[in-house]
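For reference, the structure discussed in these notes is given below.
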Amino acid sequence: MRKFIAGVLASAFLAFAPAATAQIPPNVLVVGQIAEPKSLDPHAVTAVNDFRILMNMYDGLVRYKDGTLEVEPALAESWTISEDGTTYTFKLREGVTFHDGSAFDAEAVKFNFDRMLNEDHPYHDTGPFPLAFFFSSVEDVEVVDEFTVAFNLSEPYAPFLSNLAYPTGLIVSPTAVAEYGENFGRHPTGTGAYKFGEWEANAKVVAVRNEEYWDGAPALEAVIYRPITDANTRVAEMLSGGLDIMVEVPPDSLQQFKGDNAYAVHEQAGPHVWFLILNAKEAPFNVKAARQAANYAINKTALVENILQGTADVAAGPTPPAFAWAYNEALEPYPYDPAKAKELLAEAGYDGEEVTFYVTEGGSGMLDPIAMGTAIQADLEAVGMDVKIETYEWNTFLGKVNPGLEGKANMAEMAWMTNDPDTLPFLALRSDAFPDKGGFNSGYYSNPEVDTLLEAARRETDQEKRAQLYKQMQEIVQEDAPWVFVANWKQNAVTRAEVKDFKLQPSFFLMLQDVKK
Amino acid sequence: MLPEFVFDASEGAALSAYILKRLLTAIPVLFGLTIIVFLIMAMIPGDPATAILGSYATPENVAKLNQDLGLDKTLVEQYFIWVGNLLQGDLGRSYTLNRPVLDEVLERFSATLILAGTALLLCSVLGLIAGIISAVRQYGWADKMITLLVLVGISTPSFWLGLLMILFFAVKVRLFPASGMYAIYGGGDLPDLLHHLAMPAFTLSVVATGVIARLTRTAMLEVLRQDYIRTARAKGLSERKVIYKHAFKAALVSVVPVIGIQAGFVIGGAVYIETVFQWPGIGSMLVTAISTRDLLLVQGGVLIVAASYVLFNLMADVVQSLLDPRLR
């Protein structure tokens, strides 16, 4: 018997003993992603996780300047905007080829936008294209000559350029779309710094250096993206040497990496804002004093430092500071002042009625929503508000919040991450953005002045003037307090010390063109 | 070492008829299941379009995307379209993964089978051996040690054990990889697979090993008290023969169905282990598919998991009836 057991154990050990696996070559970078990509067709996806790959395989006509959210030329060398702001004419870069060898030209640009926007386009059925509405103001795309293309808009739409810099504006190869059809998303072909290598489902996506890249071939030979959904497992892979870069590090582990010289920690504030929607249609938050009271009552510094462990900054208003050009530096966050909050509540005539608070269990950009929710509940109860929390799973939560809070709740958690200062306020703070009009103004905030400013900013093509309009809007909104402004999330990443020239971007995209290892 | 079976042709025919009957009764069960899954997925709030669009899910965008995804049809229509395609071997296309459900489900399921199969083998072998030793050396030090280990094993949450194993074997001593099924560079062969399989399979087998060990011990003790064992010993048979030829064979009859049930638990438990070790199996796929409301992927996944349950139970029943002719 003993011999038998010994035999079984010995053979088991031999079978599972470490095999000599090939080492990862020094010039290959391994990136830990949070999930398997949905598709590598930039027009078909909506998740930042997918954008992190796409931004390295494709280029757009324009891109965000390093370290900012301002656009600069990419596949377009220059552009002009007509007086009335409705025609954008782009001069394209000549001599650029797609990874499949086909030429990049005005026809290719037209193909890209027609595929997304025109239901009769022969390749429209390779979608769906969930974010195509980013370009819904585009009436038609006109090929002026081989390297000139003009976009005619139905009305002036200032965010157009920054939408072009978004992954939805990346340019795909028309010949590859024709070849692969609905499977194009598994055979991505662009003009970017890295070409598609292989995609082994649920294991890895490999991108290899594009030697002919128009902006200079990258130093790395290849990038391997590994999907690891569990954050703890991702940390373990990082610690065991299986990754060179990991994103979205849990706050607890961040401290551990910070104290270790073998790793470098990167942080970058992004265009993200975490807030509470207050229902301005029903008591108690139908009175401005009550909404301001909520802003004073909640200890945002404590939330950010204790619950989020420094992975976010306190938000001052509706626009994240990452939009540096449009951000109103003069705004100061509402200070934590429970006495003032009590005073304002009394002024508002709040009589201790129960307040229903929608909290989500998770969801993109929601950080630590349950812990945040309970801390907020405690802060509000400390100033005499009777807060009842209702918790929902993310999709259910969106289904409850997006149609509006009326008759259901007085406040709800929410977070947005956008690419232009227009997007969030335009979709969530205008009178014309009430849920029944197809917007996200779930708290029914309405101020005609804000409406005018936002409409004007959208039509203004001069960035300076546009910025002024946004700054005024932020001041009014902060005073009106339709939301409790809570936090701006800082994206984080950890790299091994050998990884050089890596930098996080305010766009939250993972740009690996200049990285060395 | 295993019991020998002798059967004649008529017994074989009866058995195949029995298997066929069981398989046929499984069909309505599976269809009923698909209807239930369809209804549950329709009942839970949220829809794939909202899941895909996230922050941008305006009613207008949701309606447009639902139309593009073919989800604007009634539930009944959607179900019959699905069944119609199923009969042609087409499980549809996943909205979120943008690939045929069948490809994804088969790939994922084979990964789970490798993991769960290895774990089941481990827990059966280890559990039986531990149980026999325990019974034969009742109240000896080996029995006490095994009982202690088994109790610890049964009470340890497997995802936690998995994390500890990663921390020790992958991070500290770097003997095994922390996650995945194959090395991401090179590898891809059997040694590479076994190297990645070791930790998740062991972790997954711990609880089931404990259960099987406990049960084997009890079953063996009961059998060893029987008169015919005393008779066998009195006949002068060697202790080895008594235990393996007589006692073990009889005890196995009550252990086998438990192994069959454990097979179900092992596949169920694989959900956690797959998540902890990033094993690309069907459990972690289903969790993601449900949260993104990927109906067709959920349907395909549930169908294949349910079919495998039916098969495992059938296999356990067949093995049991082979062991114990009274059950036939």
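Identifiers in this document derive from the order of the structure tokens: chains are assigned A, B, ..., residues are numbered from 1 separately in each chain, and ligands are numbered from 1 in order of occurrence.
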Pick out the residues sitting within 8 Å of Met199 in chain B, and hand them over as a PyMOL selection string; count only C-alpha atoms, and ignore anything fewer than 3 positions along from it in its own chain.
chain B and resi 162+165-166+176+196+202-203
Report the residues of range 21-254 of chain B whose backbone DSSP state falls under alpha helix (DSSP H), written as a VMD selection string.
chain B and resid 21 to 43 48 to 53 59 to 68 75 to 87 101 to 136 141 to 155 158 to 165 190 to 224 227 to 234 239 to 241 249 to 254
For Trp489 in chain A, list every protein, DNA or RNA residue within 7 Å, evaluated using only C-alpha atoms, and leave out those in the same chain fewer than 5 positions away; present the list as a PyMOL selection string.
chain A and resi 269-270+272-273+311-313
Residue selection dump (N, CA and C atoms) as a PDB file, in the first residue's frame:
ATOM      1  N   ALA A 269      -4.780  62.078 -13.169  1.00  0.00           N
ATOM      2  CA  ALA A 269      -6.199  62.429 -13.070  1.00  0.00           C
ATOM      3  C   ALA A 269      -6.809  62.374 -14.472  1.00  0.00           C
ATOM      4  N   GLY A 270      -8.030  61.919 -14.548  1.00  0.00           N
ATOM      5  CA  GLY A 270      -8.675  61.771 -15.854  1.00  0.00           C
ATOM      6  C   GLY A 270      -9.968  62.552 -15.949  1.00  0.00           C
ATOM      7  N   HIS A 272     -12.920  62.300 -15.407  1.00  0.00           N
ATOM      8  CA  HIS A 272     -13.903  61.508 -14.683  1.00  0.00           C
ATOM      9  C   HIS A 272     -14.478  62.344 -13.548  1.00  0.00           C
ATOM     10  N   VAL A 273     -15.777  62.207 -13.318  1.00  0.00           N
ATOM     11  CA  VAL A 273     -16.367  62.843 -12.147  1.00  0.00           C
ATOM     12  C   VAL A 273     -17.375  61.884 -11.511  1.00  0.00           C
ATOM     13  N   THR A 311      -6.853  57.493  -4.297  1.00  0.00           N
ATOM     14  CA  THR A 311      -6.887  57.237  -5.739  1.00  0.00           C
ATOM     15  C   THR A 311      -7.791  58.224  -6.474  1.00  0.00           C
ATOM     16  N   ALA A 312      -8.281  59.242  -5.779  1.00  0.00           N
ATOM     17  CA  ALA A 312      -9.098  60.263  -6.426  1.00  0.00           C
ATOM     18  C   ALA A 312      -8.854  61.590  -5.722  1.00  0.00           C
ATOM     19  N   ASP A 313      -9.226  62.684  -6.392  1.00  0.00           N
ATOM     20  CA  ASP A 313      -9.178  64.010  -5.779  1.00  0.00           C
ATOM     21  C   ASP A 313     -10.607  64.470  -5.516  1.00  0.00           C
TER      22      ASP A 313
END
CA of Gly54 in chain B to CA of Ala47 in chain A, distance in Å rounded to a single decimal
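According to the coordinates, CA of Gly54 in chain B and CA of Ala47 in chain A are separated by 8.8 Å.
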Pick from A:Ala293, A:Leu469, A:Ala262, A:Leu276: nearest to Val401 in chain A, with only C-alpha atoms counted?
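Looking at the shortest contact to Val401 in chain A, the residue is A:Leu276.
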Chain B residues within 7 Å of chain A, counting only C-alpha atoms: which ones, as a count of residues only?
38
